[in-house]
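**Student:** Before I ask anything, let me first share the structure, which is written out below as structure tokens.
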Amino acid sequence: MENRKDHYYKKAKDEGYRARSSYKLKQIQTKFKIIKPGDYVIDLGAAPGGWSQVAGELVKSKGKVIALDKNPMRSFQFDNIITLQMNMESPMLMQHLSTHFNKPINVVLSDLAGNVTGNWHLDSERQIHLATMALRTAETVLNAGGNFVTKVFRGPSLNEFEEELKELFEFKKNWRPPATRKNSAEEYIICKGFVKDE
Ligand SMILES: C[S@@+](CC[C@H](N)C(=O)[O-])C[C@H]1O[C@@H](n2cnc3c(N)ncnc32)[C@H](O)[C@@H]1O
């Protein structure tokens with residue numbers, strides 16, 4: 001079994017990140033350049049806040065990050081990161097988000113994940129459901145040209161989901177950042193250039 005306190009776990013502790021997953025977003029950023037200074041970003045499934053910390057650094061003081069999770073999260077020391085505790089499947093989602101943003105969003109991130117059961121079929125279908133909910137949010141809030149990153153598991157419905165992403169974005173690529181745990185079934189889909197229907 002892989003040591004829970006692995007390289008990235010220790011690195012996160014040393015460098016002040018709340019989760020080892022921070023390095024997954026850093027590696028996605030290095031390879032795909034999805035976030036830039038001044039961007040407005042929504043981070044879905046943000047707790048404990050590792051991705052939001054990284055996004056907050058990248059958008060700098062003129063940008064803004066909403067860190068949304070159904071679970072409580074400690075607030076951040078930088079005031080460009082706002083925490084929002086709610087279920088992203090709530091019908092009130094858009095209303096709550098719009099109170100924090102007065103302009104279209106540049107990037108939607110989703111590291112949403114439920115409890116895995118060990119039943120591959122069930123877990124992958126649940127993960128695609130969360131990724132689809134994240135995509136629906138992205139479709140509503142993203143500006144033209146905006147970017148979207150989501151976690152998925154490989155399963156029967158992934159192809160259909162990917163076909164939809166190809167229609168909605170100019171660029172789409174599946175990638176497993178090196179910081180992903182070796183025994184994890186997850187991968188990320190990085191989409192750039194949202195094609196908005198006007
Ligand atoms: C893998 S963790 C995210 C880790 C985070 N990216 C970080 O770097 O700290 C997945 C998160 O998704 C959240 N989540 C799952 N389903 C959700 C939902 N329907 N609404 C809001 N958050 C949800 C969980 O509470 C959990 O905190």
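By order of appearance in the structure tokens: chains A, B, ..., then residues from 1 within every chain, and ligands from 1 in the order shown.
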For range 32-47 of chain A, list every protein, DNA or RNA residue within 6 Å, evaluated using only C-alpha atoms, and leave out those in the same chain fewer than 3 positions away; present the list as a VMD selection string.

**Tutor:** chain A and resid 28 to 29 58 to 60 62 to 69 73 105 to 112

**Student:** Got time to write the residues from that selection, C-alpha atoms, as a short mmCIF file (atom, residue, chain, number, x, y, z; two decimals), in the first residue's frame?

**Tutor:**
```
data_model
loop_
_atom_site.label_atom_id
_atom_site.label_comp_id
_atom_site.auth_asym_id
_atom_site.auth_seq_id
_atom_site.Cartn_x
_atom_site.Cartn_y
_atom_site.Cartn_z
CA ILE A 28 -2.30 21.25 -14.65
CA GLN A 29 -1.54 24.98 -14.65
CA LEU A 58 -2.61 32.65 -9.75
CA VAL A 59 -5.44 35.19 -10.06
CA LYS A 60 -3.56 37.61 -7.78
CA LYS A 62 -7.38 41.70 -8.99
CA GLY A 63 -8.93 38.24 -9.45
CA LYS A 64 -11.34 36.32 -7.29
CA VAL A 65 -11.95 32.70 -6.31
CA ILE A 66 -15.14 31.21 -4.91
CA ALA A 67 -14.32 28.07 -2.94
CA LEU A 68 -17.55 26.08 -2.78
CA ASP A 69 -18.11 22.89 -0.82
CA MET A 73 -14.02 24.99 5.23
CA ILE A 105 -16.46 33.72 -14.86
CA ASN A 106 -13.19 32.86 -16.62
CA VAL A 107 -12.56 29.41 -15.12
CA VAL A 108 -14.64 26.66 -13.49
CA LEU A 109 -12.69 23.98 -11.61
CA SER A 110 -14.24 20.78 -10.30
CA ASP A 111 -12.42 18.39 -8.03
CA LEU A 112 -15.84 17.26 -6.76
#
```

**Student:** Report as a ChimeraX atom specification which protein, DNA and RNA residues come within 6 Å of ligand 1, using only C-alpha atoms and all ligand atoms.

**Tutor:** /A:19,21-22,45-51,69-71,86-89,111-114

**Student:** Choose the residue, out of A:Gly193, A:Pro72, A:Gly118, A:Pro104, that has the smallest atom-to-atom separation from Gly145 in chain A; count only C-alpha atoms.

**Tutor:** A:Gly193

**Student:** Quick one: pick out all helix (DSSP H, G or I) residues within range 2-177 of chain A from a backbone DSSP run and write them as JSON, numbers by chain.

**Tutor:** {"A": [7, 8, 9, 10, 11, 12, 13, 14, 15, 22, 23, 24, 25, 26, 27, 28, 29, 30, 31, 32, 50, 51, 52, 53, 54, 55, 56, 57, 58, 59, 93, 94, 95, 96, 97, 98, 120, 121, 122, 123, 124, 125, 126, 127, 128, 129, 130, 131, 132, 133, 134, 135, 136, 137, 138, 139, 140, 141, 158, 159, 160, 161, 162, 163, 164, 165, 166, 167, 168]}

**Student:** Tell me, in Å to one decimal, how far CA of Ile190 in chain A is from CA of Trp175 in chain A.

**Tutor:**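 CA of Ile190 in chain A sits 7.4 Å away from CA of Trp175 in chain A.
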
**Student:** Compare A:Asn159, A:Pro177, A:Phe101, A:Asn147 by their minimum atom-to-atom distance to Cys191 in chain A, counting only C-alpha atoms, and give me the closest one.

**Tutor:**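 Counting only C-alpha atoms, the residue closest to Cys191 in chain A is A:Asn147.
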
**Student:** Quick one: of A:Phe148, A:Tyr188, A:Phe194, A:Phe153, who's nearest to Phe169 in chain A, counting only C-alpha atoms?

**Tutor:**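 Looking only at the distances to Phe169 in chain A, the closest residue turns out to be A:Phe194.
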
**Student:** Between A:Lys24, A:Glu170, A:Ala55, A:Thr137, single out the one closest to Ser90 in chain A, counting only C-alpha atoms.

**Tutor:**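 When distances to Ser90 in chain A are compared using only C-alpha atoms, the smallest one comes from A:Thr137.
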
**Student:** A:Leu93, A:Pro156, A:Ala134, A:Val149: which is nearest Leu122 in chain A, counting only C-alpha atoms?

**Tutor:**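 The shortest atom-to-atom distance to Leu122 in chain A comes from A:Pro156.
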
**Student:** DSSP says strand (DSSP E or B) for which residues of range 11-176 of chain A? Put them as a ChimeraX atom specification?

**Tutor:** /A:40-44,64-69,81-85,105-110,142-153,169-175

**Student:** How would the residues just picked look written out with C-alpha atoms as a compact mmCIF listing (two decimals), in the first residue's frame?

**Tutor:**
```txt
# COMPACT_ATOMS: atom_id res chain seq x y z
CA TYR A 40 -12.62 35.05 -11.73
CA VAL A 41 -12.65 31.38 -10.78
CA ILE A 42 -15.20 29.01 -9.23
CA ASP A 43 -13.74 26.00 -7.44
CA LEU A 44 -16.42 23.30 -6.99
CA LYS A 64 -11.34 36.32 -7.29
CA VAL A 65 -11.95 32.70 -6.31
CA ILE A 66 -15.14 31.21 -4.91
CA ALA A 67 -14.32 28.07 -2.94
CA LEU A 68 -17.55 26.08 -2.78
CA ASP A 69 -18.11 22.89 -0.82
CA ILE A 81 -10.78 33.77 -1.91
CA ILE A 82 -14.37 33.56 -0.68
CA THR A 83 -15.80 30.41 0.88
CA LEU A 84 -19.34 29.30 0.12
CA GLN A 85 -20.80 26.32 1.96
CA ILE A 105 -16.46 33.72 -14.86
CA ASN A 106 -13.19 32.86 -16.62
CA VAL A 107 -12.56 29.41 -15.12
CA VAL A 108 -14.64 26.66 -13.49
CA LEU A 109 -12.69 23.98 -11.61
CA SER A 110 -14.24 20.78 -10.30
CA LEU A 142 -18.47 30.91 -18.14
CA ASN A 143 -17.66 33.74 -20.49
CA ALA A 144 -16.82 33.01 -24.12
CA GLY A 145 -13.31 31.53 -24.23
CA GLY A 146 -13.49 30.39 -20.60
CA ASN A 147 -11.80 27.25 -19.25
CA PHE A 148 -13.10 24.19 -17.40
CA VAL A 149 -11.29 21.42 -15.52
CA THR A 150 -13.04 18.39 -14.04
CA LYS A 151 -12.16 15.16 -12.31
CA VAL A 152 -13.60 11.96 -13.86
CA PHE A 153 -13.24 8.20 -13.51
CA PHE A 169 -14.85 23.77 -26.01
CA GLU A 170 -12.21 24.45 -28.63
CA PHE A 171 -9.65 22.33 -26.77
CA LYS A 172 -10.07 19.19 -24.64
CA LYS A 173 -7.44 16.89 -23.21
CA ASN A 174 -7.49 14.10 -20.59
CA TRP A 175 -4.52 14.08 -18.26
```

**Student:** Mind checking which residues fall within 7 Å of Arg20 in chain A, counting only C-alpha atoms, ignoring those fewer than 5 positions away in the same chain, and posting them as an mmCIF file with N, CA and C atoms, in the first residue's frame?

**Tutor:**
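The file below, out-v2.cif, is the result:
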```cif
data_model
loop_
_atom_site.group_PDB
_atom_site.id
_atom_site.type_symbol
_atom_site.label_atom_id
_atom_site.label_comp_id
_atom_site.auth_asym_id
_atom_site.auth_seq_id
_atom_site.Cartn_x
_atom_site.Cartn_y
_atom_site.Cartn_z
ATOM 1 N N TYR A 8 4.211 14.307 -1.867
ATOM 2 C CA TYR A 8 3.384 15.512 -2.034
ATOM 3 C C TYR A 8 2.671 15.891 -0.735
ATOM 4 N N TYR A 9 2.368 14.897 0.069
ATOM 5 C CA TYR A 9 1.765 15.164 1.376
ATOM 6 C C TYR A 9 2.740 16.007 2.210
ATOM 7 N N ALA A 12 3.265 19.532 0.782
ATOM 8 C CA ALA A 12 2.140 20.419 1.094
ATOM 9 C C ALA A 12 2.264 20.946 2.522
#
```
